[in-house]
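Written below as structure tokens is the structure these notes are about.
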Amino acid sequence: MEPAQPSQKQKGQRPAPEGRLTSWDVLIFVAATFGAIVFPAALAGGDRLVKHIGWYDAFLTILFIADLVVRLRRHDDLQGARRWVILGADVVAALPLQVLPGMSALSVVRLLKLARVAYTMDRWRHQHLPQWNTLRLVYFIYWLGLSVHWLTLGWLSIRTAPPAPDGWTEYIRALYWCVSTLTTIGYSGTVAVTNAEILYSIVVMIFGVATYGYVIANAANILVNIDPARAGYFEHMEKLSSFMNYRGIPSELQRRVRDYHAYVWEHRLGYDEGQILGGLPPSLLNEVSMYLKRDVIQHVPFFASVSDELLSEIALAMHPAVYMPGDVIIRKGDVGRAIYFISRGEVEVIGDDGKTIAVLGKGEAVGEMALVLNKPRGATVRAIGFCDLYTLDKSSFDDILSRYPQFAEHFRALTKQRRKQNTVLNRLS
Ligand code: CMP
């Protein structure tokens, strides 16, 4: 079955590949954040706290109306109810309420634009999944900062203490009270006197404790998830070590097991390619598979001359395998079940007299003779150091051999050349 193709955009619809953030999105993000800071401040502190609010309001109204037009023309990936909720918030946030007399207080509805901010954050998150934990922290600080600002303004509106000489001093004192109450330190020197002040203090304290709880609960999670592969590796190694100790496995064998895992971790980051590739659509699977196997694909001279079709078949059928120093990869006389391509490291081919007849390295193939000739393995092959190989099993090899004459020719020629070499060597010894 053909994989589903992404739908073509209709003619005339505006740019932005789905999910990609544009500088316009960033501008709206900044403008909405600015609005979320100044409008509540103007409401709570008036002219003493924010001057020229009328100008800001006019500017943001124009910007938000322009944004509305852009959103309606742009085909974004928002779907269903969420799309209408965010678009609805966009519409209300763009209403030019300041032209109506006595409605200036309603300019706080511009805060609804924060729905768009939350959506932009969501898209950012999807684009930067590897940095998700850092972003999570940044988002948390962003929302906490805004909340502290609003709580400070709330206190400014209800507090009964004598006013400070200027708006900024008042704001800073209120912020001091807010932070010391939120953090439950409570040394701001300001005492809640009226009922409204006491109730408000209780709300702020509860908010502070909840935030504190959230931070503690998530800190450990964030730390673990900053590098899940590393965390998983160490957890696995700990389990493995205690298992090997418990079962009394000799220390030399334990060391080799640990060395193997350390090598796999270092070179493959402990990920199983099969797991990563599983579930991808065929076209993507091809590309990722070719990329992962590029080391071997680029270094096998024969692969440079084959068609893309054959190359992708080979790449898809090859599976990684790691061998440790001294490991026997092929044993003379065994039935040939696979051919191997060397991606990293070296192997030695050992002749009948126990002497090395060839050393093969990166980009070379080994184990093709038994498959081509349909005979048992003709020699023993051993890993010299750590070796990263890609194996192609006999059925895939035979299948490709029968369909691609170029592939068959190459391996028949290689077999012929190696047999000849061995005959000469046998004659000499
Ligand atoms: P096979 O016989 O399946 O298993 C042993 C492998 O060693 C053999 O395939 C070849 O791939 C490889 N081999 C045998 N002789 C030589 C040689 N002279 N040079 C390089 N490789 C060889």
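Order determines the names: the first chain of the structure tokens is A, the second B, and so forth; residues in each chain are numbered 1 upward, and ligands are numbered 1 upward as they are shown.
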Next item on the list: Name all residues at most 6 Å from range 312-324 of chain A (count only C-alpha atoms; drop same-chain ones fewer than 3 positions away) and give them as a PyMOL selection string.
Entry: chain A and resi 290+309+327+386-392
Selection export as an mmCIF file, in the first residue's frame, atoms kept: N, CA and C atoms:
```cif
data_model
loop_
_atom_site.group_PDB
_atom_site.id
_atom_site.type_symbol
_atom_site.label_atom_id
_atom_site.label_comp_id
_atom_site.auth_asym_id
_atom_site.auth_seq_id
_atom_site.Cartn_x
_atom_site.Cartn_y
_atom_site.Cartn_z
ATOM 1 N N MET A 290 19.149 4.366 5.498
ATOM 2 C CA MET A 290 20.326 4.710 4.683
ATOM 3 C C MET A 290 21.276 5.599 5.491
ATOM 4 N N GLU A 309 17.764 1.945 -5.879
ATOM 5 C CA GLU A 309 16.773 0.933 -5.511
ATOM 6 C C GLU A 309 17.443 -0.256 -4.810
ATOM 7 N N ASP A 327 36.365 -12.532 19.277
ATOM 8 C CA ASP A 327 35.127 -13.273 18.982
ATOM 9 C C ASP A 327 35.222 -13.943 17.619
ATOM 10 N N PHE A 386 37.259 -4.505 18.776
ATOM 11 C CA PHE A 386 35.798 -4.352 18.732
ATOM 12 C C PHE A 386 35.398 -4.127 17.278
ATOM 13 N N CYS A 387 34.351 -4.785 16.837
ATOM 14 C CA CYS A 387 33.929 -4.672 15.434
ATOM 15 C C CYS A 387 32.444 -4.376 15.335
ATOM 16 N N ASP A 388 32.132 -3.408 14.508
ATOM 17 C CA ASP A 388 30.733 -3.108 14.171
ATOM 18 C C ASP A 388 30.496 -3.677 12.789
ATOM 19 N N LEU A 389 29.599 -4.643 12.708
ATOM 20 C CA LEU A 389 29.331 -5.243 11.400
ATOM 21 C C LEU A 389 27.863 -5.052 11.061
ATOM 22 N N TYR A 390 27.567 -5.150 9.775
ATOM 23 C CA TYR A 390 26.169 -5.231 9.347
ATOM 24 C C TYR A 390 25.980 -6.580 8.689
ATOM 25 N N THR A 391 24.974 -7.319 9.123
ATOM 26 C CA THR A 391 24.760 -8.655 8.558
ATOM 27 C C THR A 391 23.590 -8.617 7.587
ATOM 28 N N LEU A 392 23.759 -9.428 6.526
ATOM 29 C CA LEU A 392 22.669 -9.585 5.545
ATOM 30 C C LEU A 392 22.410 -11.082 5.514
#
```
Next item on the list: Counting only C-alpha atoms and all ligand atoms, name the residues that have an atom within 10 Å of an atom of ligand 1; the answer should be given as number ranges by chain.
Entry: A: 329-341, 347-351, 356-360, 364-382, 411, 414-425
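Using only C-alpha atoms, the shortest contact distance between Val179 in chain A and any of A:Ile297, A:Leu27, A:Val204, A:Ala217 is found at A:Val204.
Every protein, DNA or RNA residue with an atom at most 10 Å from Val191 in chain A, where only C-alpha atoms count and chain neighbours fewer than 5 positions away do not, is listed here: Arg159, Ala161, Trp177, Gly186, Glu197, Ile198 and Ser201 of chain A.
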Checklist line | DSSP-assigned alpha helix (DSSP H) members of range 27-119 of chain A, reported as a ChimeraX atom specification | finding: /A:27-49,53-73,80-93,114-119
Which residues come within 12 Å of Gln406 in chain A, counting only C-alpha atoms, excluding same-chain residues fewer than 3 positions away, as a JSON list (two decimals) with N, CA and C atoms, in the first residue's frame?
```
[["chain", "number", "residue", "atom", "x", "y", "z"],
["A", 302, "PHE", "N", 31.75, -1.18, -3.86],
["A", 302, "PHE", "CA", 30.73, -1.70, -4.76],
["A", 302, "PHE", "C", 29.42, -0.92, -4.66],
["A", 303, "PHE", "N", 29.08, -0.48, -3.44],
["A", 303, "PHE", "CA", 27.81, 0.23, -3.24],
["A", 303, "PHE", "C", 27.77, 1.57, -4.00],
["A", 305, "SER", "N", 28.50, 2.05, -6.96],
["A", 305, "SER", "CA", 28.12, 1.91, -8.36],
["A", 305, "SER", "C", 26.72, 1.32, -8.55],
["A", 306, "VAL", "N", 26.01, 1.02, -7.45],
["A", 306, "VAL", "CA", 24.70, 0.36, -7.63],
["A", 306, "VAL", "C", 23.55, 1.38, -7.65],
["A", 307, "SER", "N", 22.42, 0.92, -8.16],
["A", 307, "SER", "CA", 21.25, 1.81, -8.25],
["A", 307, "SER", "C", 20.72, 2.12, -6.85],
["A", 310, "LEU", "N", 18.53, -0.72, -5.44],
["A", 310, "LEU", "CA", 19.26, -1.86, -4.86],
["A", 310, "LEU", "C", 19.87, -1.46, -3.52],
["A", 311, "LEU", "N", 20.42, -0.24, -3.48],
["A", 311, "LEU", "CA", 21.06, 0.24, -2.25],
["A", 311, "LEU", "C", 20.06, 0.29, -1.10],
["A", 400, "ILE", "N", 18.19, -10.90, -3.24],
["A", 400, "ILE", "CA", 18.78, -9.78, -3.97],
["A", 400, "ILE", "C", 19.64, -10.31, -5.13],
["A", 401, "LEU", "N", 20.35, -11.39, -4.85],
["A", 401, "LEU", "CA", 21.21, -12.00, -5.88],
["A", 401, "LEU", "C", 20.40, -12.40, -7.11],
["A", 402, "SER", "N", 19.18, -12.94, -6.85],
["A", 402, "SER", "CA", 18.38, -13.43, -7.99],
["A", 402, "SER", "C", 17.75, -12.28, -8.78],
["A", 403, "ARG", "N", 17.59, -11.14, -8.16],
["A", 403, "ARG", "CA", 16.91, -10.04, -8.86],
["A", 403, "ARG", "C", 17.86, -8.98, -9.42],
["A", 409, "GLU", "N", 26.94, -10.65, -9.96],
["A", 409, "GLU", "CA", 28.25, -10.60, -10.64],
["A", 409, "GLU", "C", 29.36, -10.20, -9.67],
["A", 410, "HIS", "N", 29.07, -9.16, -8.89],
["A", 410, "HIS", "CA", 30.09, -8.64, -7.98],
["A", 410, "HIS", "C", 30.54, -9.71, -6.99],
["A", 411, "PHE", "N", 29.56, -10.38, -6.37],
["A", 411, "PHE", "CA", 29.95, -11.34, -5.33],
["A", 411, "PHE", "C", 30.52, -12.63, -5.92],
["A", 412, "ARG", "N", 30.08, -12.96, -7.13],
["A", 412, "ARG", "CA", 30.71, -14.13, -7.78],
["A", 412, "ARG", "C", 32.17, -13.81, -8.09],
["A", 413, "ALA", "N", 32.42, -12.60, -8.57],
["A", 413, "ALA", "CA", 33.79, -12.20, -8.91],
["A", 413, "ALA", "C", 34.67, -12.17, -7.65]]
```
Checklist line | Who sits within 7 Å of Gly326 in chain A, only C-alpha atoms, same chain under 4 positions skipped, as an MDAnalysis selection string | finding: chainID A and resid 382:385
